[in-house]
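Coordinates as given in upload-v5.pdb (PDB, N, CA and C atoms):
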ATOM      1  N   MET A   1      90.778   9.559 118.125
ATOM      2  CA  MET A   1      91.913   9.036 117.411
ATOM      3  C   MET A   1      91.836   9.478 115.962
ATOM      4  N   ARG A   2      92.914  10.105 115.470
ATOM      5  CA  ARG A   2      92.955  10.565 114.090
ATOM      6  C   ARG A   2      93.797   9.619 113.264
ATOM      7  N   LEU A   3      93.302   9.292 112.103
ATOM      8  CA  LEU A   3      94.041   8.418 111.205
ATOM      9  C   LEU A   3      94.805   9.192 110.149
ATOM     10  N   THR A   4      94.485  10.454 109.982
ATOM     11  CA  THR A   4      95.175  11.273 108.989
ATOM     12  C   THR A   4      95.867  12.433 109.690
ATOM     13  N   ALA A   5      96.878  12.931 109.042
ATOM     14  CA  ALA A   5      97.600  14.074 109.598
ATOM     15  C   ALA A   5      96.768  15.329 109.399
ATOM     16  N   PRO A   6      96.820  16.257 110.327
ATOM     17  CA  PRO A   6      96.056  17.489 110.160
ATOM     18  C   PRO A   6      96.633  18.315 109.012
ATOM     19  N   ALA A   7      95.761  19.028 108.347
ATOM     20  CA  ALA A   7      96.197  19.893 107.258
ATOM     21  C   ALA A   7      96.962  21.081 107.816
ATOM     22  N   ASP A   8      97.886  21.596 107.021
ATOM     23  CA  ASP A   8      98.624  22.791 107.435
ATOM     24  C   ASP A   8      97.656  23.975 107.459
ATOM     25  N   ARG A   9      97.634  24.703 108.564
ATOM     26  CA  ARG A   9      96.708  25.826 108.693
ATOM     27  C   ARG A   9      97.449  27.040 109.219
ATOM     28  N   THR A  10      97.043  28.156 108.731
ATOM     29  CA  THR A  10      97.497  29.421 109.288
ATOM     30  C   THR A  10      96.261  30.198 109.696
ATOM     31  N   THR A  11      96.341  30.889 110.799
ATOM     32  CA  THR A  11      95.165  31.621 111.279
ATOM     33  C   THR A  11      95.401  33.115 111.146
ATOM     34  N   GLU A  12      94.369  33.767 110.667
ATOM     35  CA  GLU A  12      94.371  35.227 110.574
ATOM     36  C   GLU A  12      93.083  35.715 111.200
ATOM     37  N   GLY A  13      93.141  36.100 112.431
ATOM     38  CA  GLY A  13      91.942  36.605 113.094
ATOM     39  C   GLY A  13      90.898  35.522 113.211
ATOM     40  N   PRO A  14      89.654  35.858 112.865
ATOM     41  CA  PRO A  14      88.581  34.874 113.014
ATOM     42  C   PRO A  14      88.574  33.829 111.882
ATOM     43  N   ARG A  15      89.293  34.098 110.815
ATOM     44  CA  ARG A  15      89.289  33.159 109.683
ATOM     45  C   ARG A  15      90.465  32.192 109.780
ATOM     46  N   THR A  16      90.280  31.005 109.258
ATOM     47  CA  THR A  16      91.355  30.020 109.168
ATOM     48  C   THR A  16      91.616  29.763 107.690
ATOM     49  N   ILE A  17      92.845  29.916 107.278
ATOM     50  CA  ILE A  17      93.219  29.705 105.883
ATOM     51  C   ILE A  17      93.932  28.361 105.778
ATOM     52  N   ARG A  18      93.463  27.523 104.902
ATOM     53  CA  ARG A  18      94.097  26.228 104.696
ATOM     54  C   ARG A  18      95.089  26.331 103.548
ATOM     55  N   THR A  19      96.259  25.827 103.775
ATOM     56  CA  THR A  19      97.234  25.752 102.694
ATOM     57  C   THR A  19      97.266  24.317 102.204
ATOM     58  N   THR A  20      97.306  24.162 100.916
ATOM     59  CA  THR A  20      97.305  22.820 100.347
ATOM     60  C   THR A  20      98.734  22.358 100.125
ATOM     61  N   ARG A  21      98.942  21.083 100.364
ATOM     62  CA  ARG A  21     100.243  20.486 100.114
ATOM     63  C   ARG A  21     100.231  19.836  98.751
ATOM     64  N   ARG A  22     101.328  19.917  98.065
ATOM     65  CA  ARG A  22     101.426  19.347  96.727
ATOM     66  C   ARG A  22     101.952  17.923  96.836
ATOM     67  N   THR A  23     101.067  16.950  96.657
ATOM     68  CA  THR A  23     101.466  15.549  96.754
ATOM     69  C   THR A  23     101.522  14.873  95.404
ATOM     70  N   GLY A  24     101.159  15.552  94.353
ATOM     71  CA  GLY A  24     101.139  14.945  93.027
ATOM     72  C   GLY A  24     102.508  14.514  92.543
ATOM     73  N   ILE A  25     103.557  15.182  92.995
ATOM     74  CA  ILE A  25     104.893  14.833  92.520
ATOM     75  C   ILE A  25     105.307  13.464  93.035
ATOM     76  N   HIS A  26     104.870  13.091  94.257
ATOM     77  CA  HIS A  26     105.172  11.752  94.759
ATOM     78  C   HIS A  26     104.444  10.692  93.949
ATOM     79  N   ASP A  27     103.231  10.986  93.541
ATOM     80  CA  ASP A  27     102.479  10.042  92.724
ATOM     81  C   ASP A  27     103.169   9.803  91.392
ATOM     82  N   THR A  28     103.654  10.863  90.767
ATOM     83  CA  THR A  28     104.308  10.698  89.473
ATOM     84  C   THR A  28     105.651  10.007  89.620
ATOM     85  N   ASP A  29     106.357  10.249  90.721
ATOM     86  CA  ASP A  29     107.605   9.528  90.943
ATOM     87  C   ASP A  29     107.343   8.043  91.112
ATOM     88  N   GLY A  30     106.289   7.705  91.820
ATOM     89  CA  GLY A  30     105.906   6.302  91.985
ATOM     90  C   GLY A  30     105.511   5.664  90.671
ATOM     91  N   MET A  31     104.827   6.425  89.818
ATOM     92  CA  MET A  31     104.463   5.899  88.500
ATOM     93  C   MET A  31     105.696   5.637  87.649
ATOM     94  N   ALA A  32     106.683   6.523  87.735
ATOM     95  CA  ALA A  32     107.911   6.342  86.967
ATOM     96  C   ALA A  32     108.653   5.088  87.414
ATOM     97  N   VAL A  33     108.752   4.896  88.712
ATOM     98  CA  VAL A  33     109.426   3.705  89.232
ATOM     99  C   VAL A  33     108.637   2.444  88.888
ATOM    100  N   ALA A  34     107.316   2.504  89.003
ATOM    101  CA  ALA A  34     106.475   1.350  88.685
ATOM    102  C   ALA A  34     106.589   0.982  87.210
ATOM    103  N   SER A  35     106.648   1.974  86.336
ATOM    104  CA  SER A  35     106.782   1.672  84.911
ATOM    105  C   SER A  35     108.121   1.004  84.616
ATOM    106  N   PHE A  36     109.175   1.451  85.302
ATOM    107  CA  PHE A  36     110.486   0.826  85.118
ATOM    108  C   PHE A  36     110.471  -0.625  85.594
ATOM    109  N   VAL A  37     109.915  -0.862  86.781
ATOM    110  CA  VAL A  37     109.895  -2.216  87.337
ATOM    111  C   VAL A  37     109.016  -3.136  86.491
ATOM    112  N   LEU A  38     107.843  -2.662  86.087
ATOM    113  CA  LEU A  38     106.958  -3.493  85.271
ATOM    114  C   LEU A  38     107.537  -3.750  83.891
ATOM    115  N   GLY A  39     108.214  -2.769  83.328
ATOM    116  CA  GLY A  39     108.862  -2.979  82.034
ATOM    117  C   GLY A  39     109.995  -3.992  82.124
ATOM    118  N   LEU A  40     110.744  -3.929  83.194
ATOM    119  CA  LEU A  40     111.835  -4.874  83.398
ATOM    120  C   LEU A  40     111.292  -6.277  83.650
ATOM    121  N   LEU A  41     110.276  -6.384  84.454
ATOM    122  CA  LEU A  41     109.657  -7.670  84.738
ATOM    123  C   LEU A  41     108.966  -8.230  83.494
ATOM    124  N   GLY A  42     108.439  -7.346  82.671
ATOM    125  CA  GLY A  42     107.750  -7.777  81.461
ATOM    126  C   GLY A  42     108.661  -8.410  80.428
ATOM    127  N   LEU A  43     109.952  -8.174  80.509
ATOM    128  CA  LEU A  43     110.871  -8.849  79.596
ATOM    129  C   LEU A  43     110.928 -10.348  79.880
ATOM    130  N   LEU A  44     110.586 -10.738  81.096
ATOM    131  CA  LEU A  44     110.658 -12.146  81.482
ATOM    132  C   LEU A  44     109.310 -12.845  81.430
ATOM    133  N   VAL A  45     108.269 -12.210  81.954
ATOM    134  CA  VAL A  45     106.948 -12.846  82.026
ATOM    135  C   VAL A  45     105.859 -11.839  81.671
ATOM    136  N   LEU A  46     104.780 -12.331  81.122
ATOM    137  CA  LEU A  46     103.555 -11.557  80.861
ATOM    138  C   LEU A  46     103.805 -10.248  80.117
ATOM    139  N   ASN A  47     104.665 -10.290  79.108
ATOM    140  CA  ASN A  47     104.972  -9.042  78.414
ATOM    141  C   ASN A  47     103.790  -8.486  77.633
ATOM    142  N   VAL A  48     102.814  -9.294  77.312
ATOM    143  CA  VAL A  48     101.640  -8.784  76.599
ATOM    144  C   VAL A  48     100.797  -7.884  77.508
ATOM    145  N   PHE A  49     100.868  -8.080  78.825
ATOM    146  CA  PHE A  49     100.130  -7.245  79.770
ATOM    147  C   PHE A  49     101.003  -6.155  80.383
ATOM    148  N   LEU A  50     102.205  -6.541  80.798
ATOM    149  CA  LEU A  50     103.056  -5.605  81.526
ATOM    150  C   LEU A  50     103.666  -4.535  80.621
ATOM    151  N   GLY A  51     103.894  -4.851  79.359
ATOM    152  CA  GLY A  51     104.446  -3.863  78.423
ATOM    153  C   GLY A  51     103.546  -2.650  78.246
ATOM    154  N   PRO A  52     102.272  -2.852  77.880
ATOM    155  CA  PRO A  52     101.379  -1.691  77.741
ATOM    156  C   PRO A  52     101.146  -0.936  79.047
ATOM    157  N   ILE A  53     101.126  -1.650  80.179
ATOM    158  CA  ILE A  53     100.954  -0.965  81.463
ATOM    159  C   ILE A  53     102.158  -0.083  81.755
ATOM    160  N   ALA A  54     103.361  -0.598  81.463
ATOM    161  CA  ALA A  54     104.579   0.193  81.675
ATOM    162  C   ALA A  54     104.593   1.426  80.777
ATOM    163  N   ILE A  55     104.145   1.265  79.543
ATOM    164  CA  ILE A  55     104.100   2.399  78.614
ATOM    165  C   ILE A  55     103.109   3.445  79.102
ATOM    166  N   ALA A  56     101.942   3.009  79.557
ATOM    167  CA  ALA A  56     100.923   3.951  80.032
ATOM    168  C   ALA A  56     101.386   4.690  81.287
ATOM    169  N   LEU A  57     101.967   3.970  82.242
ATOM    170  CA  LEU A  57     102.441   4.624  83.462
ATOM    171  C   LEU A  57     103.562   5.618  83.167
ATOM    172  N   ALA A  58     104.475   5.246  82.283
ATOM    173  CA  ALA A  58     105.560   6.155  81.932
ATOM    174  C   ALA A  58     105.028   7.394  81.224
ATOM    175  N   GLY A  59     104.054   7.209  80.346
ATOM    176  CA  GLY A  59     103.468   8.347  79.650
ATOM    177  C   GLY A  59     102.777   9.316  80.591
ATOM    178  N   VAL A  60     102.023   8.780  81.542
ATOM    179  CA  VAL A  60     101.340   9.640  82.511
ATOM    180  C   VAL A  60     102.346  10.351  83.409
ATOM    181  N   ALA A  61     103.381   9.626  83.835
ATOM    182  CA  ALA A  61     104.398  10.240  84.697
ATOM    183  C   ALA A  61     105.129  11.356  83.965
ATOM    184  N   LEU A  62     105.465  11.142  82.703
ATOM    185  CA  LEU A  62     106.136  12.191  81.926
ATOM    186  C   LEU A  62     105.202  13.367  81.669
ATOM    187  N   TRP A  63     103.937  13.085  81.424
ATOM    188  CA  TRP A  63     102.979  14.145  81.138
ATOM    189  C   TRP A  63     102.749  15.020  82.368
ATOM    190  N   ARG A  64     102.765  14.409  83.551
ATOM    191  CA  ARG A  64     102.567  15.161  84.792
ATOM    192  C   ARG A  64     103.845  15.833  85.285
ATOM    193  N   GLY A  65     104.966  15.557  84.673
ATOM    194  CA  GLY A  65     106.214  16.221  85.038
ATOM    195  C   GLY A  65     106.908  15.608  86.238
ATOM    196  N   THR A  66     107.270  14.358  86.134
ATOM    197  CA  THR A  66     107.920  13.667  87.231
ATOM    198  C   THR A  66     109.347  14.172  87.435
ATOM    199  N   ALA A  67     109.824  14.049  88.657
ATOM    200  CA  ALA A  67     111.213  14.404  88.948
ATOM    201  C   ALA A  67     112.150  13.289  88.501
ATOM    202  N   ARG A  68     111.626  12.085  88.328
ATOM    203  CA  ARG A  68     112.415  10.939  87.887
ATOM    204  C   ARG A  68     112.185  10.695  86.404
ATOM    205  N   ARG A  69     112.538  11.668  85.619
ATOM    206  CA  ARG A  69     112.312  11.608  84.173
ATOM    207  C   ARG A  69     113.077  10.464  83.521
ATOM    208  N   GLY A  70     114.314  10.242  83.946
ATOM    209  CA  GLY A  70     115.117   9.157  83.383
ATOM    210  C   GLY A  70     114.508   7.799  83.655
ATOM    211  N   ARG A  71     113.992   7.610  84.861
ATOM    212  CA  ARG A  71     113.356   6.344  85.222
ATOM    213  C   ARG A  71     112.102   6.129  84.387
ATOM    214  N   ALA A  72     111.344   7.191  84.144
ATOM    215  CA  ALA A  72     110.137   7.073  83.323
ATOM    216  C   ALA A  72     110.494   6.758  81.874
ATOM    217  N   LEU A  73     111.548   7.369  81.370
ATOM    218  CA  LEU A  73     111.970   7.078  79.993
ATOM    219  C   LEU A  73     112.475   5.642  79.863
ATOM    220  N   LEU A  74     113.171   5.149  80.892
ATOM    221  CA  LEU A  74     113.582   3.747  80.881
ATOM    222  C   LEU A  74     112.374   2.822  80.913
ATOM    223  N   GLY A  75     111.371   3.159  81.702
ATOM    224  CA  GLY A  75     110.146   2.368  81.744
ATOM    225  C   GLY A  75     109.432   2.367  80.409
ATOM    226  N   LEU A  76     109.428   3.503  79.745
ATOM    227  CA  LEU A  76     108.821   3.602  78.418
ATOM    228  C   LEU A  76     109.578   2.735  77.416
ATOM    229  N   GLY A  77     110.891   2.824  77.447
ATOM    230  CA  GLY A  77     111.706   2.012  76.534
ATOM    231  C   GLY A  77     111.572   0.525  76.809
ATOM    232  N   LEU A  78     111.530   0.147  78.075
ATOM    233  CA  LEU A  78     111.373  -1.267  78.413
ATOM    234  C   LEU A  78     109.985  -1.780  78.046
ATOM    235  N   GLY A  79     108.964  -0.939  78.179
ATOM    236  CA  GLY A  79     107.617  -1.336  77.764
ATOM    237  C   GLY A  79     107.547  -1.581  76.268
ATOM    238  N   VAL A  80     108.195  -0.732  75.493
ATOM    239  CA  VAL A  80     108.243  -0.934  74.043
ATOM    240  C   VAL A  80     109.059  -2.184  73.724
ATOM    241  N   ALA A  81     110.166  -2.393  74.452
ATOM    242  CA  ALA A  81     110.991  -3.590  74.239
ATOM    243  C   ALA A  81     110.201  -4.852  74.568
ATOM    244  N   ASP A  82     109.335  -4.801  75.579
ATOM    245  CA  ASP A  82     108.486  -5.954  75.898
ATOM    246  C   ASP A  82     107.640  -6.351  74.696
ATOM    247  N   LEU A  83     107.041  -5.368  74.078
ATOM    248  CA  LEU A  83     106.181  -5.659  72.934
ATOM    249  C   LEU A  83     106.989  -6.115  71.725
ATOM    250  N   LEU A  84     108.177  -5.560  71.549
ATOM    251  CA  LEU A  84     109.026  -6.003  70.436
ATOM    252  C   LEU A  84     109.511  -7.440  70.635
ATOM    253  N   VAL A  85     109.845  -7.801  71.873
ATOM    254  CA  VAL A  85     110.237  -9.183  72.163
ATOM    255  C   VAL A  85     109.067 -10.116  71.900
ATOM    256  N   LEU A  86     107.878  -9.721  72.287
ATOM    257  CA  LEU A  86     106.691 -10.536  72.043
ATOM    258  C   LEU A  86     106.478 -10.741  70.550
ATOM    259  N   VAL A  87     106.589  -9.683  69.772
ATOM    260  CA  VAL A  87     106.396  -9.789  68.321
ATOM    261  C   VAL A  87     107.480 -10.659  67.699
ATOM    262  N   ALA A  88     108.722 -10.524  68.151
ATOM    263  CA  ALA A  88     109.815 -11.326  67.595
ATOM    264  C   ALA A  88     109.606 -12.815  67.874
ATOM    265  N   PHE A  89     109.241 -13.156  69.100
ATOM    266  CA  PHE A  89     109.020 -14.562  69.420
ATOM    267  C   PHE A  89     107.763 -15.110  68.764
ATOM    268  N   MET A  90     106.746 -14.275  68.613
ATOM    269  CA  MET A  90     105.536 -14.729  67.931
ATOM    270  C   MET A  90     105.806 -15.009  66.467
ATOM    271  N   SER A  91     106.620 -14.192  65.830
ATOM    272  CA  SER A  91     106.924 -14.430  64.420
ATOM    273  C   SER A  91     107.845 -15.631  64.247
ATOM    274  N   ALA A  92     108.694 -15.898  65.228
ATOM    275  CA  ALA A  92     109.577 -17.063  65.134
ATOM    276  C   ALA A  92     108.799 -18.358  65.333
ATOM    277  N   ASP A  93     107.788 -18.352  66.217
ATOM    278  CA  ASP A  93     107.003 -19.565  66.482
ATOM    279  C   ASP A  93     105.762 -19.684  65.602
ATOM    280  N   SER A  94     105.376 -18.611  64.959
ATOM    281  CA  SER A  94     104.136 -18.546  64.183
ATOM    282  C   SER A  94     102.918 -18.860  65.047
ATOM    283  N   THR A  95     102.929 -18.378  66.273
ATOM    284  CA  THR A  95     101.804 -18.558  67.186
ATOM    285  C   THR A  95     101.458 -17.215  67.811
ATOM    286  N   MET A  96     100.423 -17.209  68.640
ATOM    287  CA  MET A  96     100.026 -15.991  69.327
ATOM    288  C   MET A  96     100.700 -15.831  70.673
ATOM    289  N   SER A  97     101.543 -16.751  71.061
ATOM    290  CA  SER A  97     102.281 -16.660  72.320
ATOM    291  C   SER A  97     103.683 -17.197  72.095
ATOM    292  N   TRP A  98     104.513 -17.122  73.121
ATOM    293  CA  TRP A  98     105.862 -17.658  72.979
ATOM    294  C   TRP A  98     106.235 -18.394  74.247
ATOM    295  N   SER A  99     107.133 -19.319  74.111
ATOM    296  CA  SER A  99     107.652 -20.061  75.258
ATOM    297  C   SER A  99     109.113 -20.380  74.989
ATOM    298  N   LEU A 100     109.828 -20.657  76.055
ATOM    299  CA  LEU A 100     111.261 -20.944  75.922
ATOM    300  C   LEU A 100     111.519 -22.361  75.511
TER     301      LEU A 100
END
Before anything else, please render the file you have as structure tokens.
Amino acid sequence: MRLTAPADRTTEGPRTIRTTRRTGIHDTDGMAVASFVLGLLGLLVLNVFLGPIAIALAGVALWRGTARRGRALLGLGLGVADLLVLVAFMSADSTMSWSL
């Protein structure tokens, strides 16, 4: 029983040549979507944690050349907005956290 798919192979005589599949683009697309979702969620809860994570994921996705560039840029903007909302509420309450 195999749990993984077989690698793509081409045969030339006695030698077998393995061709590699490029899966990195799916990873970067997932990072772009994750940064958008975490940035959006961070506007409501845990923005001190989710904001920097969204910024980091968006930065890595953009650096690796994601196909979802707009989604990564939105995640980056929302991550920065998370931190700006945190700073605004902290300055209004004069505390290290904020509550509604």
Translate the PyMOL selection byres ((chain A and resi 41-55) around 6.5), as applied to the file shown, into an explicit residue set as a PyMOL selection string.
chain A and resi 34-40+56-60+75-76+78-83
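Residues with any atom within 7 Å of segment 61-64 of chain A, counting only C-alpha atoms and excluding same-chain neighbours fewer than 3 positions away, are Thr28, Met31, Ala32, Leu57, Ala58, Arg69 and Ala72 of chain A.
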Surrounding residues of Asp29 of chain A excluding itself and chain neighbours under 4 positions, 6 Å, only N, CA and C atoms, as a PyMOL selection string:
chain A and resi 25+33-34+66-68
Using the selection just defined, write its residues with N, CA and C atoms as an mmCIF file, in the frame of the given file.
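Saved to out_13.cif:
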data_model
loop_
_atom_site.group_PDB
_atom_site.id
_atom_site.type_symbol
_atom_site.label_atom_id
_atom_site.label_comp_id
_atom_site.auth_asym_id
_atom_site.auth_seq_id
_atom_site.Cartn_x
_atom_site.Cartn_y
_atom_site.Cartn_z
ATOM 1 N N ILE A 25 103.557 15.182 92.995
ATOM 2 C CA ILE A 25 104.893 14.833 92.520
ATOM 3 C C ILE A 25 105.307 13.464 93.035
ATOM 4 N N VAL A 33 108.752 4.896 88.712
ATOM 5 C CA VAL A 33 109.426 3.705 89.232
ATOM 6 C C VAL A 33 108.637 2.444 88.888
ATOM 7 N N ALA A 34 107.316 2.504 89.003
ATOM 8 C CA ALA A 34 106.475 1.350 88.685
ATOM 9 C C ALA A 34 106.589 0.982 87.210
ATOM 10 N N THR A 66 107.270 14.358 86.134
ATOM 11 C CA THR A 66 107.920 13.667 87.231
ATOM 12 C C THR A 66 109.347 14.172 87.435
ATOM 13 N N ALA A 67 109.824 14.049 88.657
ATOM 14 C CA ALA A 67 111.213 14.404 88.948
ATOM 15 C C ALA A 67 112.150 13.289 88.501
ATOM 16 N N ARG A 68 111.626 12.085 88.328
ATOM 17 C CA ARG A 68 112.415 10.939 87.887
ATOM 18 C C ARG A 68 112.185 10.695 86.404
#
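Straight-line separation from atom CA of Ala88 of chain A to atom C of Leu74 of chain A: 19.6 Å.
What separates atom N of Asp27 of chain A from atom CA of Arg71 of chain A is a distance of 13.9 Å.
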Is it possible to add N, CA, C and O atoms to segment 50-74 of chain A and hand it back as a PDB file, in the frame of the given file?
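What ended up in selection-v2.pdb:
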ATOM      1  N   LEU A  50     102.205  -6.541  80.798  1.00  0.00           N
ATOM      2  CA  LEU A  50     103.056  -5.605  81.526  1.00  0.00           C
ATOM      3  C   LEU A  50     103.666  -4.535  80.621  1.00  0.00           C
ATOM      4  O   LEU A  50     103.930  -3.422  81.076  1.00  0.00           O
ATOM      5  N   GLY A  51     103.894  -4.851  79.359  1.00  0.00           N
ATOM      6  CA  GLY A  51     104.446  -3.863  78.423  1.00  0.00           C
ATOM      7  C   GLY A  51     103.546  -2.650  78.246  1.00  0.00           C
ATOM      8  O   GLY A  51     103.981  -1.512  78.446  1.00  0.00           O
ATOM      9  N   PRO A  52     102.272  -2.852  77.880  1.00  0.00           N
ATOM     10  CA  PRO A  52     101.379  -1.691  77.741  1.00  0.00           C
ATOM     11  C   PRO A  52     101.146  -0.936  79.047  1.00  0.00           C
ATOM     12  O   PRO A  52     101.015   0.288  79.045  1.00  0.00           O
ATOM     13  N   ILE A  53     101.126  -1.650  80.179  1.00  0.00           N
ATOM     14  CA  ILE A  53     100.954  -0.965  81.463  1.00  0.00           C
ATOM     15  C   ILE A  53     102.158  -0.083  81.755  1.00  0.00           C
ATOM     16  O   ILE A  53     102.020   1.056  82.211  1.00  0.00           O
ATOM     17  N   ALA A  54     103.361  -0.598  81.463  1.00  0.00           N
ATOM     18  CA  ALA A  54     104.579   0.193  81.675  1.00  0.00           C
ATOM     19  C   ALA A  54     104.593   1.426  80.777  1.00  0.00           C
ATOM     20  O   ALA A  54     104.977   2.517  81.211  1.00  0.00           O
ATOM     21  N   ILE A  55     104.145   1.265  79.543  1.00  0.00           N
ATOM     22  CA  ILE A  55     104.100   2.399  78.614  1.00  0.00           C
ATOM     23  C   ILE A  55     103.109   3.445  79.102  1.00  0.00           C
ATOM     24  O   ILE A  55     103.396   4.649  79.090  1.00  0.00           O
ATOM     25  N   ALA A  56     101.942   3.009  79.557  1.00  0.00           N
ATOM     26  CA  ALA A  56     100.923   3.951  80.032  1.00  0.00           C
ATOM     27  C   ALA A  56     101.386   4.690  81.287  1.00  0.00           C
ATOM     28  O   ALA A  56     101.226   5.914  81.387  1.00  0.00           O
ATOM     29  N   LEU A  57     101.967   3.970  82.242  1.00  0.00           N
ATOM     30  CA  LEU A  57     102.441   4.624  83.462  1.00  0.00           C
ATOM     31  C   LEU A  57     103.562   5.618  83.167  1.00  0.00           C
ATOM     32  O   LEU A  57     103.605   6.705  83.740  1.00  0.00           O
ATOM     33  N   ALA A  58     104.475   5.246  82.283  1.00  0.00           N
ATOM     34  CA  ALA A  58     105.560   6.155  81.932  1.00  0.00           C
ATOM     35  C   ALA A  58     105.028   7.394  81.224  1.00  0.00           C
ATOM     36  O   ALA A  58     105.478   8.514  81.488  1.00  0.00           O
ATOM     37  N   GLY A  59     104.054   7.209  80.346  1.00  0.00           N
ATOM     38  CA  GLY A  59     103.468   8.347  79.650  1.00  0.00           C
ATOM     39  C   GLY A  59     102.777   9.316  80.591  1.00  0.00           C
ATOM     40  O   GLY A  59     102.939  10.536  80.482  1.00  0.00           O
ATOM     41  N   VAL A  60     102.023   8.780  81.542  1.00  0.00           N
ATOM     42  CA  VAL A  60     101.340   9.640  82.511  1.00  0.00           C
ATOM     43  C   VAL A  60     102.346  10.351  83.409  1.00  0.00           C
ATOM     44  O   VAL A  60     102.210  11.541  83.710  1.00  0.00           O
ATOM     45  N   ALA A  61     103.381   9.626  83.835  1.00  0.00           N
ATOM     46  CA  ALA A  61     104.398  10.240  84.697  1.00  0.00           C
ATOM     47  C   ALA A  61     105.129  11.356  83.965  1.00  0.00           C
ATOM     48  O   ALA A  61     105.395  12.420  84.537  1.00  0.00           O
ATOM     49  N   LEU A  62     105.465  11.142  82.703  1.00  0.00           N
ATOM     50  CA  LEU A  62     106.136  12.191  81.926  1.00  0.00           C
ATOM     51  C   LEU A  62     105.202  13.367  81.669  1.00  0.00           C
ATOM     52  O   LEU A  62     105.632  14.522  81.683  1.00  0.00           O
ATOM     53  N   TRP A  63     103.937  13.085  81.424  1.00  0.00           N
ATOM     54  CA  TRP A  63     102.979  14.145  81.138  1.00  0.00           C
ATOM     55  C   TRP A  63     102.749  15.020  82.368  1.00  0.00           C
ATOM     56  O   TRP A  63     102.588  16.229  82.255  1.00  0.00           O
ATOM     57  N   ARG A  64     102.765  14.409  83.551  1.00  0.00           N
ATOM     58  CA  ARG A  64     102.567  15.161  84.792  1.00  0.00           C
ATOM     59  C   ARG A  64     103.845  15.833  85.285  1.00  0.00           C
ATOM     60  O   ARG A  64     103.806  16.578  86.258  1.00  0.00           O
ATOM     61  N   GLY A  65     104.966  15.557  84.673  1.00  0.00           N
ATOM     62  CA  GLY A  65     106.214  16.221  85.038  1.00  0.00           C
ATOM     63  C   GLY A  65     106.908  15.608  86.238  1.00  0.00           C
ATOM     64  O   GLY A  65     107.122  16.280  87.239  1.00  0.00           O
ATOM     65  N   THR A  66     107.270  14.358  86.134  1.00  0.00           N
ATOM     66  CA  THR A  66     107.920  13.667  87.231  1.00  0.00           C
ATOM     67  C   THR A  66     109.347  14.172  87.435  1.00  0.00           C
ATOM     68  O   THR A  66     109.989  14.644  86.500  1.00  0.00           O
ATOM     69  N   ALA A  67     109.824  14.049  88.657  1.00  0.00           N
ATOM     70  CA  ALA A  67     111.213  14.404  88.948  1.00  0.00           C
ATOM     71  C   ALA A  67     112.150  13.289  88.501  1.00  0.00           C
ATOM     72  O   ALA A  67     113.335  13.518  88.312  1.00  0.00           O
ATOM     73  N   ARG A  68     111.626  12.085  88.328  1.00  0.00           N
ATOM     74  CA  ARG A  68     112.415  10.939  87.887  1.00  0.00           C
ATOM     75  C   ARG A  68     112.185  10.695  86.404  1.00  0.00           C
ATOM     76  O   ARG A  68     111.724   9.644  85.985  1.00  0.00           O
ATOM     77  N   ARG A  69     112.538  11.668  85.619  1.00  0.00           N
ATOM     78  CA  ARG A  69     112.312  11.608  84.173  1.00  0.00           C
ATOM     79  C   ARG A  69     113.077  10.464  83.521  1.00  0.00           C
ATOM     80  O   ARG A  69     112.568   9.776  82.645  1.00  0.00           O
ATOM     81  N   GLY A  70     114.314  10.242  83.946  1.00  0.00           N
ATOM     82  CA  GLY A  70     115.117   9.157  83.383  1.00  0.00           C
ATOM     83  C   GLY A  70     114.508   7.799  83.655  1.00  0.00           C
ATOM     84  O   GLY A  70     114.509   6.914  82.796  1.00  0.00           O
ATOM     85  N   ARG A  71     113.992   7.610  84.861  1.00  0.00           N
ATOM     86  CA  ARG A  71     113.356   6.344  85.222  1.00  0.00           C
ATOM     87  C   ARG A  71     112.102   6.129  84.387  1.00  0.00           C
ATOM     88  O   ARG A  71     111.817   5.019  83.951  1.00  0.00           O
ATOM     89  N   ALA A  72     111.344   7.191  84.144  1.00  0.00           N
ATOM     90  CA  ALA A  72     110.137   7.073  83.323  1.00  0.00           C
ATOM     91  C   ALA A  72     110.494   6.758  81.874  1.00  0.00           C
ATOM     92  O   ALA A  72     109.821   5.950  81.227  1.00  0.00           O
ATOM     93  N   LEU A  73     111.548   7.369  81.370  1.00  0.00           N
ATOM     94  CA  LEU A  73     111.970   7.078  79.993  1.00  0.00           C
ATOM     95  C   LEU A  73     112.475   5.642  79.863  1.00  0.00           C
ATOM     96  O   LEU A  73     112.235   4.984  78.840  1.00  0.00           O
ATOM     97  N   LEU A  74     113.171   5.149  80.892  1.00  0.00           N
ATOM     98  CA  LEU A  74     113.582   3.747  80.881  1.00  0.00           C
ATOM     99  C   LEU A  74     112.374   2.822  80.913  1.00  0.00           C
ATOM    100  O   LEU A  74     112.342   1.796  80.226  1.00  0.00           O
TER     101      LEU A  74
END
